[in-house]
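What follows is one structure encoded as C-alpha cells, with my remarks underneath.
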Amino acid sequence: MKIYLILVLNLFIINTVLAADELFFTGTWSSSQYNKGELPDIDLQGNSLRQIVKVSIPGEQLKFHFSNIYGKEELELKSVHIAKSAGQGTGSIIMETDTEITFNGQYNVSIPAYADIVSDIIPFSLSALDEVAITIQYGKIPFDFTSHTSSRTYSFVELGNAVSKETFSSAHKFLHWFTIAAIDVVDNEKKTEAILCYGDSITDGRGSTNDKQNRWPDVLSERLQSHPATRHLAILNQAIGGSSLYGQNNPVWPTGLGRYQKDVAEQVNVKYMIVLYGVNDILYSQRAAPVLIEGLQELIKRNRERGIITYGSPILPFKTNDDWTEEKNKIKETVNQWILNTPANEGGFDAIIDFASVVADPNDAMVLKAELSDGDGLHPNYLGYAAIGNSIDLELFINNENENENENENENKNENENENENENYDEDEDELINSDEENNENNEFDDSEVTAVNETEDSINDE
C-alpha cells in the first residue's frame, strides 16, 4: 500500500511538472538592455519608480522579465506592482487594476549580479495596445544599473514605498527605463507570434513624440491590431540608439550581432524580424561595405537557423547630416544595392520593406524629405515614422500565416494517415509506442575577430 501511494504521488508530481512545462507564451512588450551609466536626479534606493509601457497583444495571464545583466552587485526589488495606466504622461494608475507581482510566491526578490529574473505567472486582464504602469520599490541597487536609455515615455519617482499610490508627482520624472525587460502572455492555444524590430535609434524612436507612442513599430502594432488577420501578431522593439550591427559587444554600445543571443534568441516566440541597421556602422565606425554585408548575412543566417523570417530595409538617406561624406554615401549605396538585389537563396533577406524610398526626397533620393525629418538629416520625425509604419505591407505576414496553416494541416493529415497505417499493421499489439526527438543546434558567431566599436558613437544617435 505504501509503495502504491508513493507511486501515485510521484505520478501526480510528474504530471504537475509536465503541465507547467506545457504553458505556451508570446512576448507582448520588450526592451533591449544596456548600461550607459546614466542615473536619475534622485536616488532610487528605498524609493518607488513608476514606468509606463504599451503592450501589443492581449492576455489574461502574464509573466514579467527584470534585468540586472550589467550589474556587478545584486539588485533588490522590495515590491513590484502592475496596473493599467490612467493616461500616458500622468504617472497615474487605475486603482482597481493594481496587482502585485510575485516571485516564487514572494513579493520581494534579489536579482544576482549579471543575471535576469522572471516573475510568477500573474492573473491580469490585458487588452491589446494597453498602456500599463510597472511600479518598483527598490532596495539595494548596483552602481552599474541595467536600463534602456531614451524610453520616449516619462518615468516617475516617489519617496518610499508608493507602489500602490494612485498618482505620482511630476517633480522627479525622466525619459528612461530601468530593470524592466519584457512582458509575456500565456497562449496555450498557440495562436500568437511576435515580430521583432531590430536596429538603432531610428527603430528606437529618436524624433518621435515623447509620451505619444508613435515610433514606427508602434504604428505597425496599431495597424496589426486593426486587421483581423494580423491581430495575433505582437511587436517587440529590440532597438538600441547609437548601436552598430557589426563590432565588438560592450555594455554601453551593444551591437546587433553581439547582443543577438539575449535580444533575439531568448525573446519569446519570435516568428518575424524587421531589420533596419547599418547607418552607425558607416557614419561612426567607418565600416567597409563588405564587412557590413557580411554582418547582415550572418544575422539572416542565425535567424534562418531558428526559423525566423527576416525582412530588411535599405539604409535611409542621410546626405544633409553633418557627418555625411561622398565616401560614406558610396558605402551606403553599395550595401543598399546588396540588400535590394540579393535573393533569399543567396543569403539575402526573405523580402524587402523599403523604408528608404518612403522618406526620401523625390527630388534627391540621397536626402530625407524635409517634412519627414527631425532636422538632423538622419532621423525621421513622428510624421516620418508614421509614413514608415504605414508603408509595411501586412500581406507579408498574412500570406506566411496561411502557408503555415496549410503546412500544419498537411502534417496533421499525414500524422493521422500514419497512425491509421500503424494501427492496422499493429492491430494485434497491446500498445503503440511513438517517440519524438527534438534537436536544437546553436551556432554562435565569433565576435572576437571583429573591429571594436568606435567610441565616437556617442549620444548624438541615442537622445
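Convention: chains lettered A, B, ... in C-alpha cells order; per-chain residue numbering from 1; ligands numbered from 1 as shown.
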
Produce a table with one row for each residue of segment 338-389 of chain A that has an atom at most 10 Å from any atom of segment 213-224 of chain A, each row naming the nearest atom pair and its distance in Å at one decimal; use only C-alpha atoms; arrange rows by chain and rising residue number; format as a Markdown table.
| residue | atom | partner | partner_atom | distance |
| --- | --- | --- | --- | --- |
| A:Pro380 | CA | A:Arg215 | CA | 9.7 |
| A:Asn381 | CA | A:Arg215 | CA | 9.0 |
| A:Tyr382 | CA | A:Asn214 | CA | 6.3 |
| A:Leu383 | CA | A:Asn214 | CA | 8.9 |
| A:Gly384 | CA | A:Trp216 | CA | 8.3 |
| A:Tyr385 | CA | A:Trp216 | CA | 4.6 |
| A:Ala386 | CA | A:Trp216 | CA | 6.0 |
| A:Ala387 | CA | A:Trp216 | CA | 8.1 |
| A:Ile388 | CA | A:Trp216 | CA | 6.1 |
| A:Gly389 | CA | A:Trp216 | CA | 4.6 |

Would you mind listing, for every residue of segment 66-95 of chain A within 8 Å of segment 121-145 of chain A, the two atoms forming the shortest contact and the distance between them in Å to one decimal, using only C-alpha atoms, sorted by chain and ascending residue number, as CSV?
residue,atom,partner,partner_atom,distance
A:Asn68,CA,A:Phe145,CA,7.1
A:Tyr70,CA,A:Asp144,CA,6.3
A:Gly71,CA,A:Asp144,CA,4.9
A:Lys72,CA,A:Asp144,CA,6.5
A:Glu73,CA,A:Pro142,CA,5.2
A:Glu74,CA,A:Pro142,CA,6.4
A:Leu75,CA,A:Ile141,CA,4.9
A:Glu76,CA,A:Gly139,CA,4.8
A:Leu77,CA,A:Tyr138,CA,4.8
A:Lys78,CA,A:Gln137,CA,5.5
A:Ser79,CA,A:Gln137,CA,5.2
A:Val80,CA,A:Ile136,CA,4.5
A:His81,CA,A:Thr135,CA,5.2
A:Ile82,CA,A:Ile134,CA,4.6
A:Ala83,CA,A:Ala133,CA,5.3
A:Lys84,CA,A:Val132,CA,4.3
A:Ser85,CA,A:Val132,CA,4.8
A:Gly87,CA,A:Glu131,CA,7.9
A:Gln88,CA,A:Glu131,CA,7.4
A:Ile93,CA,A:Ala133,CA,6.9

Counting only C-alpha atoms, give me one row per residue of segment 307-376 of chain A with an atom at most 9 Å from an atom of segment 286-295 of chain A, showing the shortest contact pair and its distance in Å to one decimal, sorted by chain then residue number, as CSV.
residue,atom,partner,partner_atom,distance
A:Lys328,CA,A:Gln286,CA,7.8
A:Lys330,CA,A:Ala289,CA,8.8
A:Ile331,CA,A:Ala289,CA,5.3
A:Lys332,CA,A:Ala289,CA,7.4
A:Glu333,CA,A:Ala289,CA,8.9
A:Thr334,CA,A:Ala289,CA,6.4
A:Val335,CA,A:Ala289,CA,5.8
A:Trp338,CA,A:Ile293,CA,7.5
A:Ile339,CA,A:Ile293,CA,8.3

Practice task
Using backbone DSSP assignments, extract all strand (DSSP E) residues from segment 41-204 of chain A; output them as a PyMOL selection string.
Solution key: chain A and resi 48-54+59-68+75-84+99-100+109-111+115-118+122-126+131-138+147-149+155-158+173-174+176-178+180-186+193-199

Counting only C-alpha atoms, what are the residues of segment 191-281 of chain A within 7 Å of segment 49-64 of chain A, and for each of them which pair of atoms is the nearest and at what distance in Å, to one decimal? Sort the table by chain and rising number, as CSV.
residue,atom,partner,partner_atom,distance
A:Ser221,CA,A:Ser56,CA,6.2
A:His232,CA,A:Ile57,CA,6.8
A:Leu233,CA,A:Ile57,CA,6.9
A:Ala234,CA,A:Ser56,CA,5.3
A:Ile235,CA,A:Ser56,CA,5.9
